[in-house]
>>> print(open('upload-v6.cif').read())   # mmCIF, C-alpha atoms
data_query
#
loop_
_atom_site.label_atom_id
_atom_site.label_comp_id
_atom_site.auth_asym_id
_atom_site.auth_seq_id
_atom_site.Cartn_x
_atom_site.Cartn_y
_atom_site.Cartn_z
CA MET I 819 136.70 94.81 -175.45
CA ASP I 820 135.85 96.74 -172.33
CA THR I 821 136.62 93.67 -170.20
CA ALA I 822 140.00 93.27 -171.91
CA GLU I 823 140.72 96.98 -171.41
CA ARG I 824 139.85 96.82 -167.74
CA ALA I 825 141.98 93.69 -167.33
CA ALA I 826 144.95 95.49 -168.91
CA VAL I 827 144.48 98.41 -166.52
CA LEU I 828 144.22 96.06 -163.54
CA PHE I 829 147.40 94.35 -164.73
CA ALA I 830 149.19 97.75 -164.68
CA ASN I 831 147.70 98.40 -161.24
CA ASP I 832 148.99 95.03 -160.01
CA ALA I 833 152.44 95.89 -161.37
CA PHE I 834 152.35 99.16 -159.41
CA TYR I 835 151.73 97.26 -156.16
CA VAL I 836 154.37 94.63 -156.96
CA ALA I 837 156.91 97.45 -157.42
CA PHE I 838 155.64 99.03 -154.19
CA GLN I 839 155.82 95.73 -152.26
CA THR I 840 159.25 94.75 -153.53
CA GLY I 841 160.75 98.24 -153.26
CA ASP I 842 161.64 98.18 -156.96
CA ALA I 843 162.28 101.85 -157.75
CA GLU I 844 163.29 101.12 -161.35
CA ALA I 845 160.02 99.30 -162.04
CA MET I 846 158.12 102.10 -160.28
CA GLU I 847 159.77 104.70 -162.52
CA ASP I 848 158.84 102.68 -165.58
CA LEU I 849 155.18 102.42 -164.54
CA TRP I 850 154.60 106.17 -164.36
CA SER I 851 153.95 108.32 -167.42
CA THR I 852 156.90 110.11 -168.96
CA ASP I 853 154.78 112.17 -171.39
CA ALA I 854 151.95 113.52 -169.22
CA LEU I 855 151.92 115.54 -166.00
CA VAL I 856 152.05 113.23 -162.99
CA THR I 857 150.80 113.96 -159.49
CA CYS I 858 150.65 111.98 -156.26
CA VAL I 859 149.00 112.27 -152.85
CA HIS I 860 150.49 110.01 -150.17
CA PRO I 861 148.51 109.65 -146.91
CA GLY I 862 149.11 112.68 -144.70
CA TRP I 863 151.24 114.45 -147.32
CA GLN I 864 150.54 117.51 -149.40
CA HIS I 865 150.17 116.64 -153.07
CA LEU I 866 153.27 116.20 -155.22
CA LYS I 867 153.35 117.51 -158.78
CA GLY I 868 155.75 116.71 -161.60
CA ARG I 869 157.66 113.55 -162.41
CA ASP I 870 160.89 114.52 -160.66
CA VAL I 871 159.18 115.35 -157.37
CA VAL I 872 156.91 112.29 -157.50
CA MET I 873 159.82 109.94 -158.28
CA GLU I 874 162.02 111.46 -155.57
CA ALA I 875 159.25 110.65 -153.05
CA TRP I 876 158.93 107.08 -154.36
CA HIS I 877 162.67 106.54 -154.03
CA SER I 878 162.43 107.75 -150.42
CA ILE I 879 159.39 105.57 -149.64
CA LEU I 880 160.76 102.46 -151.34
CA GLY I 881 164.12 102.96 -149.63
CA ASN I 882 162.43 102.90 -146.20
CA PRO I 883 160.09 99.90 -146.35
CA PRO I 884 157.46 99.60 -143.60
CA ASP I 885 157.64 96.80 -141.01
CA ALA I 886 154.35 95.27 -142.15
CA PRO I 887 153.98 93.89 -145.69
CA LEU I 888 151.68 95.83 -148.01
CA ARG I 889 148.71 94.03 -149.51
CA MET I 890 146.32 95.30 -152.18
CA GLU I 891 142.80 94.00 -152.65
CA GLY I 892 139.37 94.81 -154.07
CA ALA I 893 140.68 96.51 -157.23
CA SER I 894 138.01 97.75 -159.61
CA ALA I 895 138.75 99.52 -162.91
CA SER I 896 136.76 101.99 -165.02
CA VAL I 897 137.97 102.90 -168.51
CA TYR I 898 137.10 106.30 -170.03
CA GLY I 899 138.62 106.19 -173.52
CA ASP I 900 142.37 106.63 -173.17
CA THR I 901 142.18 107.22 -169.41
CA ALA I 902 141.33 104.73 -166.69
CA VAL I 903 140.67 104.82 -162.96
CA VAL I 904 141.31 102.04 -160.47
CA ILE I 905 139.91 102.10 -156.95
CA CYS I 906 141.53 99.59 -154.60
CA TYR I 907 142.33 98.97 -150.97
CA GLU I 908 145.78 98.88 -149.38
CA ILE I 909 146.38 96.96 -146.16
CA LEU I 910 149.50 97.74 -144.16
CA GLY I 911 149.43 95.87 -140.85
CA ASN I 912 146.31 97.19 -139.12
CA ILE I 913 146.08 100.29 -141.32
CA ASN I 914 143.50 100.27 -144.12
CA LEU I 915 143.77 102.71 -146.99
CA VAL I 916 141.69 103.28 -150.12
CA ALA I 917 143.43 104.44 -153.27
CA THR I 918 142.49 106.15 -156.51
CA ASN I 919 144.99 105.34 -159.26
CA ILE I 920 144.66 107.08 -162.64
CA PHE I 921 146.21 105.70 -165.82
CA VAL I 922 146.61 107.08 -169.34
CA ARG I 923 147.30 105.11 -172.50
CA GLU I 924 150.84 105.87 -173.68
CA ASN I 925 152.28 103.96 -176.65
CA ASN I 926 149.61 101.29 -176.13
CA THR I 927 150.60 100.81 -172.49
CA TRP I 928 148.70 102.01 -169.43
CA LYS I 929 150.91 104.38 -167.44
CA ILE I 930 150.12 105.94 -164.06
CA VAL I 931 149.57 109.69 -163.91
CA HIS I 932 148.08 110.01 -160.40
CA HIS I 933 147.86 108.10 -157.12
CA GLN I 934 145.98 109.16 -154.00
CA ALA I 935 145.71 106.95 -150.92
CA GLY I 936 143.91 107.83 -147.71
CA GLN I 937 142.74 106.05 -144.58
CA SER I 938 139.52 104.07 -144.91
CA PRO I 939 137.56 101.23 -143.40
CA PRO I 940 138.58 97.75 -144.66
CA ALA I 941 137.62 96.78 -148.22
CA PRO I 942 133.97 95.73 -148.52
CA ALA I 943 133.57 91.95 -148.46
CA ASP I 944 130.86 92.05 -151.10
CA ASP I 945 132.76 94.11 -153.64
CA ASP I 946 132.98 92.89 -157.22
CA PRO I 947 136.64 92.97 -158.22
CA GLU I 948 137.38 91.68 -161.67
CA PRO I 949 138.31 87.98 -161.52
CA PRO I 950 141.92 87.10 -162.45
CA GLU I 951 140.79 85.14 -165.48
CA THR I 952 139.79 88.34 -167.30
CA MET I 953 143.43 88.49 -168.47
CA GLN I 954 142.97 85.30 -170.51
CA MET R 30 143.85 125.75 -175.78
CA ASP R 31 145.16 123.80 -172.86
CA THR R 32 144.75 126.85 -170.61
CA ALA R 33 141.13 127.25 -171.73
CA GLU R 34 140.50 123.54 -171.18
CA ARG R 35 141.96 123.65 -167.71
CA ALA R 36 139.92 126.76 -166.91
CA ALA R 37 136.73 124.98 -168.02
CA VAL R 38 137.58 122.02 -165.78
CA LEU R 39 138.32 124.34 -162.85
CA PHE R 40 134.99 126.05 -163.48
CA ALA R 41 133.23 122.66 -163.21
CA ASN R 42 135.25 121.95 -160.07
CA ASP R 43 134.16 125.30 -158.60
CA ALA R 44 130.54 124.46 -159.40
CA PHE R 45 130.95 121.17 -157.52
CA TYR R 46 132.08 123.01 -154.39
CA VAL R 47 129.35 125.65 -154.71
CA ALA R 48 126.77 122.84 -154.82
CA PHE R 49 128.52 121.21 -151.84
CA GLN R 50 128.67 124.48 -149.87
CA THR R 51 125.07 125.49 -150.56
CA GLY R 52 123.63 121.99 -150.11
CA ASP R 53 122.16 122.11 -153.61
CA ALA R 54 121.41 118.45 -154.35
CA GLU R 55 119.83 119.23 -157.73
CA ALA R 56 122.96 121.06 -158.91
CA MET R 57 125.11 118.24 -157.52
CA GLU R 58 123.12 115.66 -159.50
CA ASP R 59 123.55 117.73 -162.66
CA LEU R 60 127.33 117.98 -162.20
CA TRP R 61 127.93 114.21 -162.17
CA SER R 62 128.10 112.13 -165.33
CA THR R 63 124.93 110.35 -166.39
CA ASP R 64 126.62 108.32 -169.16
CA ALA R 65 129.76 106.95 -167.48
CA LEU R 66 130.29 104.88 -164.35
CA VAL R 67 130.65 107.16 -161.32
CA THR R 68 132.45 106.36 -158.08
CA CYS R 69 133.11 108.29 -154.88
CA VAL R 70 135.29 107.95 -151.78
CA HIS R 71 134.24 110.17 -148.87
CA PRO R 72 136.71 110.49 -145.97
CA GLY R 73 136.47 107.43 -143.74
CA TRP R 74 133.94 105.69 -146.00
CA GLN R 75 134.32 102.66 -148.21
CA HIS R 76 134.10 103.59 -151.89
CA LEU R 77 130.69 104.06 -153.49
CA LYS R 78 130.04 102.80 -157.02
CA GLY R 79 127.21 103.64 -159.41
CA ARG R 80 125.22 106.83 -159.86
CA ASP R 81 122.28 105.82 -157.64
CA VAL R 82 124.51 104.94 -154.67
CA VAL R 83 126.73 108.00 -155.11
CA MET R 84 123.74 110.35 -155.38
CA GLU R 85 121.99 108.81 -152.39
CA ALA R 86 125.11 109.57 -150.33
CA TRP R 87 125.25 113.16 -151.61
CA HIS R 88 121.60 113.70 -150.68
CA SER R 89 122.41 112.43 -147.18
CA ILE R 90 125.54 114.60 -146.86
CA LEU R 91 123.92 117.75 -148.27
CA GLY R 92 120.88 117.22 -146.05
CA ASN R 93 123.08 117.23 -142.94
CA PRO R 94 125.39 120.22 -143.40
CA PRO R 95 128.42 120.48 -141.10
CA ASP R 96 128.65 123.25 -138.49
CA ALA R 97 131.71 124.79 -140.12
CA PRO R 98 131.51 126.20 -143.66
CA LEU R 99 133.42 124.31 -146.34
CA ARG R 100 136.11 126.14 -148.27
CA MET R 101 138.04 124.91 -151.29
CA GLU R 102 141.46 126.23 -152.31
CA GLY R 103 144.60 125.43 -154.26
CA ALA R 104 142.82 123.79 -157.20
CA SER R 105 145.08 122.59 -159.99
CA ALA R 106 143.81 120.88 -163.16
CA SER R 107 145.44 118.43 -165.59
CA VAL R 108 143.70 117.58 -168.86
CA TYR R 109 144.30 114.20 -170.55
CA GLY R 110 142.25 114.36 -173.74
CA ASP R 111 138.61 113.91 -172.81
CA THR R 112 139.39 113.26 -169.14
CA ALA R 113 140.66 115.72 -166.55
CA VAL R 114 141.90 115.56 -162.98
CA VAL R 115 141.67 118.31 -160.38
CA ILE R 116 143.61 118.19 -157.13
CA CYS R 117 142.38 120.67 -154.51
CA TYR R 118 142.19 121.22 -150.78
CA GLU R 119 139.02 121.30 -148.68
CA ILE R 120 138.95 123.17 -145.38
CA LEU R 121 136.20 122.35 -142.91
CA GLY R 122 136.79 124.16 -139.63
CA ASN R 123 140.13 122.81 -138.43
CA ILE R 124 139.99 119.76 -140.70
CA ASN R 125 142.10 119.83 -143.86
CA LEU R 126 141.39 117.43 -146.70
CA VAL R 127 142.94 116.91 -150.12
CA ALA R 128 140.72 115.79 -152.97
CA THR R 129 141.14 114.13 -156.35
CA ASN R 130 138.23 114.99 -158.65
CA ILE R 131 138.02 113.31 -162.06
CA PHE R 132 135.98 114.73 -164.94
CA VAL R 133 135.02 113.41 -168.37
CA ARG R 134 133.84 115.42 -171.34
CA GLU R 135 130.17 114.66 -171.95
CA ASN R 136 128.27 116.62 -174.63
CA ASN R 137 130.99 119.29 -174.49
CA THR R 138 130.60 119.70 -170.74
CA TRP R 139 132.97 118.47 -168.04
CA LYS R 140 131.09 116.07 -165.77
CA ILE R 141 132.40 114.47 -162.58
CA VAL R 142 132.97 110.71 -162.57
CA HIS R 143 135.00 110.33 -159.35
CA HIS R 144 135.74 112.18 -156.12
CA GLN R 145 138.09 111.09 -153.35
CA ALA R 146 138.84 113.24 -150.32
CA GLY R 147 141.13 112.32 -147.45
CA GLN R 148 142.78 114.06 -144.53
CA SER R 149 145.90 116.04 -145.31
CA PRO R 150 148.09 118.87 -144.13
CA PRO R 151 146.87 122.36 -145.15
CA ALA R 152 147.26 123.38 -148.79
CA PRO R 153 150.81 124.45 -149.63
CA ALA R 154 151.21 128.22 -149.59
CA ASP R 155 153.50 128.15 -152.60
CA ASP R 156 151.22 126.12 -154.85
CA ASP R 157 150.46 127.41 -158.32
CA PRO R 158 146.68 127.35 -158.73
CA GLU R 159 145.41 128.69 -162.02
CA PRO R 160 144.52 132.39 -161.65
CA PRO R 161 140.80 133.29 -161.96
CA GLU R 162 141.42 135.28 -165.14
CA THR R 163 142.13 132.10 -167.11
CA MET R 164 138.35 131.94 -167.72
CA GLN R 165 138.49 135.13 -169.84
#
>>> encode(input="upload-v6.cif", output="C-alpha cells")
Amino acid sequence: MDTAERAAVLFANDAFYVAFQTGDAEAMEDLWSTDALVTCVHPGWQHLKGRDVVMEAWHSILGNPPDAPLRMEGASASVYGDTAVVICYEILGNINLVATNIFVRENNTWKIVHHQAGQSPPAPADDDPEPPETMQ
Amino acid sequence: MDTAERAAVLFANDAFYVAFQTGDAEAMEDLWSTDALVTCVHPGWQHLKGRDVVMEAWHSILGNPPDAPLRMEGASASVYGDTAVVICYEILGNINLVATNIFVRENNTWKIVHHQAGQSPPAPADDDPEPPETMQ
C-alpha cells in the first residue's frame, strides 16, 4: 500500500517535470491544487503565495524556456497520510538544484501545493530512488 | 480553528529556531518526528534521509555555531489536515535564506519531518506573517 502510494506520488512528480520540460502551462495548472493554499519558492526568488501568483510565475517561466534542457533525477517520496513530500534533483546544464515538492490528496489525485528548489551539489550516486516498476 | 492550528505550527517553528540559535541539540532532537521518516536539505548539501543521519548533521551544525547570530522572520504557516508547511526567512549576517519546514501531528504535537533552506533575496517587507497574538 505504501509502495503504491509512493509510486502514485512519484508519478505526479514526474508529470510536474514533464510539464516543466515541455513548457505545458495548461498541464502545469492542472497539476497544482485548486482547493488548498499553494506556495512556491523558485531559486533566487522570494516565495510566492496563492494560486494566481504561483500560476502567473509558471506562465512566465514556461514562456521563457532555458537554453539547456531540464532533467530530474533521484526522486524519493514520503507519504504522511493525505500529504506527501518528494525530494529530487534538477539538472539544468551545469546547474544542480535540489527540490522539495509537497502534494496533497485531492479527489483521489495527488496535487502539488508547494515547490522549493535551491542550488545543491549533484544528486548522490548511491541514493535509493524508487524503481520505475513500482507503478505496476 | 485554523488560526489556532497555524499558531501551534508557528510555535513549533519558533521552537526549531530557538534550538538552532541556542545550539540546543537536545531540544532539536525533541522537535523532530520519531515516528515518521525525516529528511533535511541544508544549503549547499545533498539531502539527508533518516533520523540518525539528520540528527548527526544537526549535532555537527549546532556544535560549530556561525559567527553571526541567526534570525528568523516572515514565517507563514499552511495546515493540510495532519501535516503543515511553514515558509520563513533565515538571516545569517549578510546571507538571506528561505526555508520550507514541514510538520506532522504526532501525539497532538507538531513535529518536524523536513527542512530545506536555500539562498534567497531578503524577506518581503509586505508579507503577512501571522501576528504573535494568534497564540492567545
>>> resolve_selection(input="upload-v6.cif", expression="the PyMOL selection byres ((chain I) within 7 of (chain R))", output="list in words")
Gly862, Trp863, Gln864, Thr901, Gly936, Gln937, Ser938, Pro939, Ala941 and Pro942 of chain I
>>> calpha_fit_and_write(input="upload-v6.cif", fixed="chain R", moving="chain I", output="PDB file with C-alpha atoms, in the frame of the given file")
ATOM      1  CA  MET I 819     143.857 125.768-175.783  1.00  0.00           C
ATOM      2  CA  ASP I 820     145.189 123.791-172.868  1.00  0.00           C
ATOM      3  CA  THR I 821     144.772 126.828-170.596  1.00  0.00           C
ATOM      4  CA  ALA I 822     141.164 127.251-171.741  1.00  0.00           C
ATOM      5  CA  GLU I 823     140.527 123.533-171.189  1.00  0.00           C
ATOM      6  CA  ARG I 824     141.969 123.638-167.702  1.00  0.00           C
ATOM      7  CA  ALA I 825     139.936 126.760-166.912  1.00  0.00           C
ATOM      8  CA  ALA I 826     136.750 124.982-168.027  1.00  0.00           C
ATOM      9  CA  VAL I 827     137.589 122.026-165.786  1.00  0.00           C
ATOM     10  CA  LEU I 828     138.323 124.331-162.850  1.00  0.00           C
ATOM     11  CA  PHE I 829     134.997 126.056-163.494  1.00  0.00           C
ATOM     12  CA  ALA I 830     133.232 122.654-163.211  1.00  0.00           C
ATOM     13  CA  ASN I 831     135.249 121.953-160.062  1.00  0.00           C
ATOM     14  CA  ASP I 832     134.176 125.303-158.592  1.00  0.00           C
ATOM     15  CA  ALA I 833     130.552 124.461-159.399  1.00  0.00           C
ATOM     16  CA  PHE I 834     130.947 121.162-157.528  1.00  0.00           C
ATOM     17  CA  TYR I 835     132.079 123.013-154.390  1.00  0.00           C
ATOM     18  CA  VAL I 836     129.350 125.652-154.720  1.00  0.00           C
ATOM     19  CA  ALA I 837     126.764 122.838-154.813  1.00  0.00           C
ATOM     20  CA  PHE I 838     128.529 121.210-151.851  1.00  0.00           C
ATOM     21  CA  GLN I 839     128.663 124.480-149.867  1.00  0.00           C
ATOM     22  CA  THR I 840     125.076 125.476-150.561  1.00  0.00           C
ATOM     23  CA  GLY I 841     123.633 121.981-150.109  1.00  0.00           C
ATOM     24  CA  ASP I 842     122.166 122.097-153.619  1.00  0.00           C
ATOM     25  CA  ALA I 843     121.403 118.439-154.353  1.00  0.00           C
ATOM     26  CA  GLU I 844     119.835 119.222-157.735  1.00  0.00           C
ATOM     27  CA  ALA I 845     122.957 121.055-158.908  1.00  0.00           C
ATOM     28  CA  MET I 846     125.108 118.231-157.515  1.00  0.00           C
ATOM     29  CA  GLU I 847     123.119 115.664-159.503  1.00  0.00           C
ATOM     30  CA  ASP I 848     123.554 117.731-162.641  1.00  0.00           C
ATOM     31  CA  LEU I 849     127.333 117.978-162.192  1.00  0.00           C
ATOM     32  CA  TRP I 850     127.928 114.226-162.163  1.00  0.00           C
ATOM     33  CA  SER I 851     128.081 112.123-165.320  1.00  0.00           C
ATOM     34  CA  THR I 852     124.920 110.354-166.398  1.00  0.00           C
ATOM     35  CA  ASP I 853     126.624 108.333-169.165  1.00  0.00           C
ATOM     36  CA  ALA I 854     129.761 106.953-167.493  1.00  0.00           C
ATOM     37  CA  LEU I 855     130.299 104.884-164.350  1.00  0.00           C
ATOM     38  CA  VAL I 856     130.652 107.148-161.323  1.00  0.00           C
ATOM     39  CA  THR I 857     132.441 106.366-158.077  1.00  0.00           C
ATOM     40  CA  CYS I 858     133.106 108.297-154.883  1.00  0.00           C
ATOM     41  CA  VAL I 859     135.276 107.957-151.783  1.00  0.00           C
ATOM     42  CA  HIS I 860     134.234 110.174-148.866  1.00  0.00           C
ATOM     43  CA  PRO I 861     136.708 110.486-145.957  1.00  0.00           C
ATOM     44  CA  GLY I 862     136.462 107.423-143.726  1.00  0.00           C
ATOM     45  CA  TRP I 863     133.940 105.691-146.001  1.00  0.00           C
ATOM     46  CA  GLN I 864     134.295 102.664-148.212  1.00  0.00           C
ATOM     47  CA  HIS I 865     134.079 103.589-151.880  1.00  0.00           C
ATOM     48  CA  LEU I 866     130.678 104.059-153.503  1.00  0.00           C
ATOM     49  CA  LYS I 867     130.031 102.804-157.025  1.00  0.00           C
ATOM     50  CA  GLY I 868     127.215 103.644-159.415  1.00  0.00           C
ATOM     51  CA  ARG I 869     125.205 106.815-159.864  1.00  0.00           C
ATOM     52  CA  ASP I 870     122.293 105.816-157.638  1.00  0.00           C
ATOM     53  CA  VAL I 871     124.502 104.937-154.674  1.00  0.00           C
ATOM     54  CA  VAL I 872     126.728 108.001-155.117  1.00  0.00           C
ATOM     55  CA  MET I 873     123.735 110.360-155.389  1.00  0.00           C
ATOM     56  CA  GLU I 874     121.991 108.797-152.387  1.00  0.00           C
ATOM     57  CA  ALA I 875     125.127 109.571-150.327  1.00  0.00           C
ATOM     58  CA  TRP I 876     125.241 113.161-151.617  1.00  0.00           C
ATOM     59  CA  HIS I 877     121.601 113.693-150.689  1.00  0.00           C
ATOM     60  CA  SER I 878     122.410 112.428-147.182  1.00  0.00           C
ATOM     61  CA  ILE I 879     125.539 114.599-146.862  1.00  0.00           C
ATOM     62  CA  LEU I 880     123.921 117.733-148.275  1.00  0.00           C
ATOM     63  CA  GLY I 881     120.875 117.204-146.061  1.00  0.00           C
ATOM     64  CA  ASN I 882     123.088 117.213-142.943  1.00  0.00           C
ATOM     65  CA  PRO I 883     125.379 120.217-143.417  1.00  0.00           C
ATOM     66  CA  PRO I 884     128.413 120.478-141.116  1.00  0.00           C
ATOM     67  CA  ASP I 885     128.652 123.238-138.488  1.00  0.00           C
ATOM     68  CA  ALA I 886     131.721 124.788-140.113  1.00  0.00           C
ATOM     69  CA  PRO I 887     131.526 126.222-143.646  1.00  0.00           C
ATOM     70  CA  LEU I 888     133.425 124.319-146.331  1.00  0.00           C
ATOM     71  CA  ARG I 889     136.122 126.144-148.256  1.00  0.00           C
ATOM     72  CA  MET I 890     138.056 124.917-151.291  1.00  0.00           C
ATOM     73  CA  GLU I 891     141.458 126.226-152.294  1.00  0.00           C
ATOM     74  CA  GLY I 892     144.618 125.441-154.253  1.00  0.00           C
ATOM     75  CA  ALA I 893     142.820 123.788-157.190  1.00  0.00           C
ATOM     76  CA  SER I 894     145.076 122.586-159.983  1.00  0.00           C
ATOM     77  CA  ALA I 895     143.818 120.866-163.150  1.00  0.00           C
ATOM     78  CA  SER I 896     145.444 118.430-165.586  1.00  0.00           C
ATOM     79  CA  VAL I 897     143.693 117.572-168.853  1.00  0.00           C
ATOM     80  CA  TYR I 898     144.305 114.196-170.543  1.00  0.00           C
ATOM     81  CA  GLY I 899     142.250 114.358-173.745  1.00  0.00           C
ATOM     82  CA  ASP I 900     138.603 113.910-172.810  1.00  0.00           C
ATOM     83  CA  THR I 901     139.387 113.263-169.138  1.00  0.00           C
ATOM     84  CA  ALA I 902     140.662 115.712-166.550  1.00  0.00           C
ATOM     85  CA  VAL I 903     141.906 115.566-162.974  1.00  0.00           C
ATOM     86  CA  VAL I 904     141.674 118.307-160.372  1.00  0.00           C
ATOM     87  CA  ILE I 905     143.616 118.195-157.121  1.00  0.00           C
ATOM     88  CA  CYS I 906     142.393 120.668-154.506  1.00  0.00           C
ATOM     89  CA  TYR I 907     142.181 121.232-150.786  1.00  0.00           C
ATOM     90  CA  GLU I 908     139.028 121.295-148.666  1.00  0.00           C
ATOM     91  CA  ILE I 909     138.950 123.165-145.363  1.00  0.00           C
ATOM     92  CA  LEU I 910     136.186 122.353-142.905  1.00  0.00           C
ATOM     93  CA  GLY I 911     136.784 124.172-139.620  1.00  0.00           C
ATOM     94  CA  ASN I 912     140.137 122.829-138.428  1.00  0.00           C
ATOM     95  CA  ILE I 913     140.010 119.763-140.683  1.00  0.00           C
ATOM     96  CA  ASN I 914     142.112 119.827-143.857  1.00  0.00           C
ATOM     97  CA  LEU I 915     141.386 117.431-146.684  1.00  0.00           C
ATOM     98  CA  VAL I 916     142.941 116.910-150.113  1.00  0.00           C
ATOM     99  CA  ALA I 917     140.721 115.797-152.964  1.00  0.00           C
ATOM    100  CA  THR I 918     141.132 114.137-156.338  1.00  0.00           C
ATOM    101  CA  ASN I 919     138.228 114.986-158.643  1.00  0.00           C
ATOM    102  CA  ILE I 920     138.014 113.298-162.058  1.00  0.00           C
ATOM    103  CA  PHE I 921     135.981 114.725-164.930  1.00  0.00           C
ATOM    104  CA  VAL I 922     135.024 113.398-168.363  1.00  0.00           C
ATOM    105  CA  ARG I 923     133.844 115.415-171.343  1.00  0.00           C
ATOM    106  CA  GLU I 924     130.160 114.670-171.957  1.00  0.00           C
ATOM    107  CA  ASN I 925     128.270 116.624-174.631  1.00  0.00           C
ATOM    108  CA  ASN I 926     130.993 119.288-174.502  1.00  0.00           C
ATOM    109  CA  THR I 927     130.595 119.712-170.744  1.00  0.00           C
ATOM    110  CA  TRP I 928     132.955 118.467-168.043  1.00  0.00           C
ATOM    111  CA  LYS I 929     131.085 116.065-165.763  1.00  0.00           C
ATOM    112  CA  ILE I 930     132.400 114.455-162.575  1.00  0.00           C
ATOM    113  CA  VAL I 931     132.960 110.704-162.571  1.00  0.00           C
ATOM    114  CA  HIS I 932     134.989 110.332-159.348  1.00  0.00           C
ATOM    115  CA  HIS I 933     135.730 112.192-156.116  1.00  0.00           C
ATOM    116  CA  GLN I 934     138.080 111.086-153.351  1.00  0.00           C
ATOM    117  CA  ALA I 935     138.839 113.249-150.320  1.00  0.00           C
ATOM    118  CA  GLY I 936     141.125 112.322-147.450  1.00  0.00           C
ATOM    119  CA  GLN I 937     142.780 114.055-144.519  1.00  0.00           C
ATOM    120  CA  SER I 938     145.910 116.043-145.327  1.00  0.00           C
ATOM    121  CA  PRO I 939     148.090 118.861-144.105  1.00  0.00           C
ATOM    122  CA  PRO I 940     146.888 122.359-145.134  1.00  0.00           C
ATOM    123  CA  ALA I 941     147.272 123.384-148.786  1.00  0.00           C
ATOM    124  CA  PRO I 942     150.830 124.441-149.646  1.00  0.00           C
ATOM    125  CA  ALA I 943     151.240 128.220-149.593  1.00  0.00           C
ATOM    126  CA  ASP I 944     153.496 128.163-152.632  1.00  0.00           C
ATOM    127  CA  ASP I 945     151.213 126.140-154.868  1.00  0.00           C
ATOM    128  CA  ASP I 946     150.429 127.414-158.349  1.00  0.00           C
ATOM    129  CA  PRO I 947     146.657 127.346-158.756  1.00  0.00           C
ATOM    130  CA  GLU I 948     145.380 128.688-162.025  1.00  0.00           C
ATOM    131  CA  PRO I 949     144.492 132.384-161.673  1.00  0.00           C
ATOM    132  CA  PRO I 950     140.781 133.275-162.004  1.00  0.00           C
ATOM    133  CA  GLU I 951     141.419 135.282-165.145  1.00  0.00           C
ATOM    134  CA  THR I 952     142.112 132.111-167.149  1.00  0.00           C
ATOM    135  CA  MET I 953     138.332 131.975-167.728  1.00  0.00           C
ATOM    136  CA  GLN I 954     138.467 135.196-169.767  1.00  0.00           C
TER     137      GLN I 954
END
>>> residues_around(input="upload-v6.cif", residues="Ile120 of chain R", least_positions_apart="3", cutoff="7 Å", atoms="all atoms listed in the file", output="mmCIF file with C-alpha atoms, in the frame of the given file")
data_model
loop_
_atom_site.group_PDB
_atom_site.id
_atom_site.type_symbol
_atom_site.label_atom_id
_atom_site.label_comp_id
_atom_site.auth_asym_id
_atom_site.auth_seq_id
_atom_site.Cartn_x
_atom_site.Cartn_y
_atom_site.Cartn_z
ATOM 1 C CA LEU R 99 133.420 124.310 -146.340
ATOM 2 C CA ARG R 100 136.110 126.140 -148.270
ATOM 3 C CA MET R 101 138.040 124.910 -151.290
ATOM 4 C CA ILE R 124 139.990 119.760 -140.700
ATOM 5 C CA ASN R 125 142.100 119.830 -143.860
ATOM 6 C CA LEU R 126 141.390 117.430 -146.700
#
>>> resolve_selection(input="upload-v6.cif", expression="the PyMOL selection byres ((chain I and resi 875-884) around 8)", output="list in words")
Phe838, Gly841, Asp842, Ala843, Met846, Val871, Val872, Met873, Glu874, Asp885, Ala886 and Pro887 of chain I
>>> closest_residue(input="upload-v6.cif", among="I:Val904, I:Ala845, I:Ala943, I:Gly868", to="Ala826 of chain I", atoms="all atoms listed in the file")
I:Val904
>>> atom_distance(input="upload-v6.cif", atom1="atom CA of Arg824 of chain I", atom2="atom CA of Ala895 of chain I")
5.6 Å
>>> resolve_selection(input="upload-v6.cif", expression="the PyMOL selection byres ((chain R and resi 138) around 10)", output="list in words")
Ala37, Val38, Ala41, Leu60, Ser62, Phe132, Val133, Arg134, Glu135, Asn136, Asn137, Trp139, Lys140 and Ile141 of chain R
>>> write_last_selection(input="upload-v6.cif", atoms="C-alpha atoms", output="CSV table (one decimal), in the frame of the given file")
chain,number,residue,atom,x,y,z
R,37,ALA,CA,136.7,125.0,-168.0
R,38,VAL,CA,137.6,122.0,-165.8
R,41,ALA,CA,133.2,122.7,-163.2
R,60,LEU,CA,127.3,118.0,-162.2
R,62,SER,CA,128.1,112.1,-165.3
R,132,PHE,CA,136.0,114.7,-164.9
R,133,VAL,CA,135.0,113.4,-168.4
R,134,ARG,CA,133.8,115.4,-171.3
R,135,GLU,CA,130.2,114.7,-172.0
R,136,ASN,CA,128.3,116.6,-174.6
R,137,ASN,CA,131.0,119.3,-174.5
R,139,TRP,CA,133.0,118.5,-168.0
R,140,LYS,CA,131.1,116.1,-165.8
R,141,ILE,CA,132.4,114.5,-162.6
>>> closest_residue(input="upload-v6.cif", among="R:Glu102, R:Glu55, R:Asp81, R:Asp43", to="Leu121 of chain R", atoms="all atoms listed in the file")
R:Glu102
>>> atom_distance(input="upload-v6.cif", atom1="atom CA of Leu77 of chain R", atom2="atom CA of Trp61 of chain R")
13.6 Å
>>> atom_distance(input="upload-v6.cif", atom1="atom CA of Ala36 of chain R", atom2="atom CA of Ala104 of chain R")
10.6 Å
>>> build_atoms(input="upload-v6.cif", residues="segment 83-87 of chain R", atoms="N, CA and C atoms", output="PDB file, keeping the file's coordinate frame")
ATOM      1  N   VAL R  83     125.966 106.774-155.331  1.00  0.00           N
ATOM      2  CA  VAL R  83     126.730 108.000-155.110  1.00  0.00           C
ATOM      3  C   VAL R  83     125.783 109.167-154.829  1.00  0.00           C
ATOM      4  N   MET R  84     124.686 109.242-155.574  1.00  0.00           N
ATOM      5  CA  MET R  84     123.740 110.350-155.380  1.00  0.00           C
ATOM      6  C   MET R  84     122.989 110.233-154.062  1.00  0.00           C
ATOM      7  N   GLU R  85     122.666 109.018-153.670  1.00  0.00           N
ATOM      8  CA  GLU R  85     121.990 108.810-152.390  1.00  0.00           C
ATOM      9  C   GLU R  85     122.878 109.349-151.245  1.00  0.00           C
ATOM     10  N   ALA R  86     124.183 109.083-151.357  1.00  0.00           N
ATOM     11  CA  ALA R  86     125.110 109.570-150.330  1.00  0.00           C
ATOM     12  C   ALA R  86     125.181 111.095-150.336  1.00  0.00           C
ATOM     13  N   TRP R  87     125.202 111.690-151.536  1.00  0.00           N
ATOM     14  CA  TRP R  87     125.250 113.160-151.610  1.00  0.00           C
ATOM     15  C   TRP R  87     123.992 113.766-151.009  1.00  0.00           C
TER      16      TRP R  87
END
